[in-house]
Amino acid sequence: MSHLLRAMVLLGLLLVAQDALAQKLRMAGDAWAPYSDVSLLNGGLSTDLVRTAFGRAGYTTEYEQVPWARAVHGVSEGRYDILINAWYSEERTRIGQFSGDYLVNRLRFLKRKSSSIGFQDLAQLHPYSIAVVRSYAYSPAFDGDADLKKVPVASFSTAVRMLAAGRVQLTVEDEYAARFALAREPDEVRDNVEFLPGSLSENGLHILVSLKNPDHEKIVADFNSAIAAMKADGSYDRLFKLHGL
């Protein structure tokens, strides 16, 4: 065997070995613009941040956009390795390990413009019906308040349309996500709702790594390190600017 042929064979074997070592992560999330939506640039800000971080950490990824409840269930079963957009809840620690937060979401209530509802504390909202997206975690205080009249719905679009139609009295959503969604709603929806002053909470946004993946601790550590490096070298902020945020 010639030296050139031998070198080519060795190079090929090295590449195969490297591919074998690069774990492919199956990621999932729902359509939650501007953070995750396959119709947006690079799948949205969160998708772009998570994919970039894992690429820098030496992983390959594939992403599937599915309804939220299916994404959570898929992580619990190990069908997906990563839920890319997750707010912390104690219940979810039974199915996955959370990363550190890589974004912060400001949650705000919306009401009809004709409504006089005010908000200073959750007890003040007990008389009112509030549309919430099924399986979402909002904040420990909100999620654990059994006296709030929560109406589960499939999406924020459904929630805000119910609000505009007077079928519920409030809904709640991340401010950037709500503004993005409202810009795409009909005038009769967009022009009849508004944010309440203040916010319910500021939630850290995490990835959730399935406990079914035996490397979940390493995956979380690698992701946290990559995000920290991206913040240090400026690439984190550049992705925000790329997505207009």
# chains A, B, ... in the order shown; residues from 1 in each chain; ligands from 1

call {"tool": "residues_around", "arguments": {"residues": "segment 75-91 of chain A", "least_positions_apart": "2", "cutoff": "10 Å", "atoms": "only C-alpha atoms", "output": "PyMOL selection string"}}
result
chain A and resi 24-30+32+35-36+46-47+49-51+61-64+68+70-73+93-105+136-140+143+203-213+215-216+219-220

call {"tool": "closest_atom_pairs", "arguments": {"of": "segment 150-211 of chain A", "to": "segment 117-128 of chain A", "cutoff": "10 Å", "atoms": "only C-alpha atoms", "output": "CSV"}}
result
residue,atom,partner,partner_atom,distance
A:Lys150,CA,A:Tyr128,CA,8.7
A:Val168,CA,A:Tyr128,CA,7.8
A:Gln169,CA,A:Tyr128,CA,5.9
A:Leu170,CA,A:Tyr128,CA,7.1
A:Leu196,CA,A:Gly118,CA,6.9
A:Pro197,CA,A:Phe119,CA,7.3
A:Gly198,CA,A:Phe119,CA,7.7
A:Ser199,CA,A:Phe119,CA,8.7
A:Leu200,CA,A:Leu122,CA,8.5

call {"tool": "closest_residue", "arguments": {"among": "A:Arg184, A:Lys149, A:Arg106, A:Lys113", "to": "Ala131 of chain A", "atoms": "only C-alpha atoms"}}
result
A:Lys149

call {"tool": "atom_distance", "arguments": {"atom1": "atom CA of Phe156 of chain A", "atom2": "atom CA of Val132 of chain A"}}
result
7.6 Å

call {"tool": "residues_around", "arguments": {"residues": "Leu110 of chain A", "least_positions_apart": "5", "cutoff": "9 Å", "atoms": "only C-alpha atoms", "output": "PyMOL selection string"}}
result
chain A and resi 160+163+169-173+193-196

call {"tool": "select_by_dssp", "arguments": {"residues": "segment 88-194 of chain A", "states": "alpha helix (DSSP H)", "output": "ChimeraX atom specification"}}
result
/A:140-144,156-164,175-182,187-190

call {"tool": "write_last_selection", "arguments": {"atoms": "N, CA and C atoms", "output": "short mmCIF file (atom, residue, chain, number, x, y, z; two decimals), in the first residue's frame"}}
result
data_model
loop_
_atom_site.label_atom_id
_atom_site.label_comp_id
_atom_site.auth_asym_id
_atom_site.auth_seq_id
_atom_site.Cartn_x
_atom_site.Cartn_y
_atom_site.Cartn_z
N PRO A 140 -43.84 29.76 40.10
CA PRO A 140 -44.29 28.89 41.19
C PRO A 140 -45.53 29.43 41.91
N ALA A 141 -45.57 30.74 42.16
CA ALA A 141 -46.71 31.32 42.87
C ALA A 141 -47.98 31.21 42.04
N PHE A 142 -47.88 31.54 40.76
CA PHE A 142 -49.05 31.48 39.87
C PHE A 142 -49.50 30.04 39.68
N ASP A 143 -48.56 29.15 39.39
CA ASP A 143 -48.91 27.75 39.13
C ASP A 143 -49.51 27.09 40.37
N GLY A 144 -49.05 27.51 41.55
CA GLY A 144 -49.51 26.86 42.78
C GLY A 144 -50.73 27.49 43.42
N PHE A 156 -51.26 30.63 22.76
CA PHE A 156 -51.52 32.02 23.11
C PHE A 156 -52.49 32.66 22.12
N SER A 157 -52.42 32.29 20.86
CA SER A 157 -53.35 32.84 19.87
C SER A 157 -54.79 32.54 20.27
N THR A 158 -55.05 31.31 20.71
CA THR A 158 -56.39 30.96 21.19
C THR A 158 -56.74 31.80 22.41
N ALA A 159 -55.78 31.94 23.34
CA ALA A 159 -56.03 32.68 24.57
C ALA A 159 -56.38 34.14 24.29
N VAL A 160 -55.62 34.81 23.44
CA VAL A 160 -55.85 36.24 23.22
C VAL A 160 -57.12 36.47 22.41
N ARG A 161 -57.48 35.53 21.55
CA ARG A 161 -58.75 35.66 20.82
C ARG A 161 -59.94 35.48 21.76
N MET A 162 -59.81 34.55 22.69
CA MET A 162 -60.85 34.39 23.72
C MET A 162 -60.96 35.64 24.57
N LEU A 163 -59.82 36.25 24.89
CA LEU A 163 -59.82 37.49 25.67
C LEU A 163 -60.51 38.61 24.92
N ALA A 164 -60.15 38.80 23.66
CA ALA A 164 -60.76 39.87 22.87
C ALA A 164 -62.27 39.67 22.71
N GLU A 175 -43.59 38.90 27.33
CA GLU A 175 -43.89 40.15 26.64
C GLU A 175 -43.45 40.14 25.18
N TYR A 176 -42.23 39.71 24.88
CA TYR A 176 -41.77 39.70 23.48
C TYR A 176 -42.60 38.75 22.64
N ALA A 177 -42.92 37.58 23.19
CA ALA A 177 -43.72 36.61 22.44
C ALA A 177 -45.12 37.15 22.18
N ALA A 178 -45.69 37.82 23.19
CA ALA A 178 -47.03 38.38 23.03
C ALA A 178 -47.05 39.48 21.97
N ARG A 179 -46.06 40.37 22.02
CA ARG A 179 -46.03 41.46 21.04
C ARG A 179 -45.85 40.91 19.62
N PHE A 180 -44.99 39.91 19.49
CA PHE A 180 -44.78 39.30 18.18
C PHE A 180 -46.08 38.67 17.67
N ALA A 181 -46.79 37.94 18.54
CA ALA A 181 -48.02 37.27 18.14
C ALA A 181 -49.13 38.28 17.84
N LEU A 182 -49.25 39.31 18.65
CA LEU A 182 -50.31 40.29 18.45
C LEU A 182 -50.18 41.01 17.12
N ASP A 187 -57.14 42.84 13.37
CA ASP A 187 -57.28 44.13 14.05
C ASP A 187 -58.24 44.04 15.23
N GLU A 188 -59.33 43.28 15.08
CA GLU A 188 -60.33 43.22 16.15
C GLU A 188 -59.80 42.55 17.41
N VAL A 189 -58.73 41.77 17.25
CA VAL A 189 -58.07 41.18 18.42
C VAL A 189 -57.01 42.15 18.95
N ARG A 190 -56.08 42.53 18.09
CA ARG A 190 -54.95 43.37 18.49
C ARG A 190 -55.41 44.69 19.10
#

call {"tool": "closest_residue", "arguments": {"among": "A:Gly43, A:Asn192, A:Thr52, A:Ser116", "to": "Ala229 of chain A", "atoms": "only C-alpha atoms"}}
result
A:Thr52

call {"tool": "atom_distance", "arguments": {"atom1": "atom CA of Gly234 of chain A", "atom2": "atom CA of Arg108 of chain A"}}
result
29.1 Å

call {"tool": "atom_distance", "arguments": {"atom1": "atom CA of Ile227 of chain A", "atom2": "atom CA of Phe240 of chain A"}}
result
13.2 Å
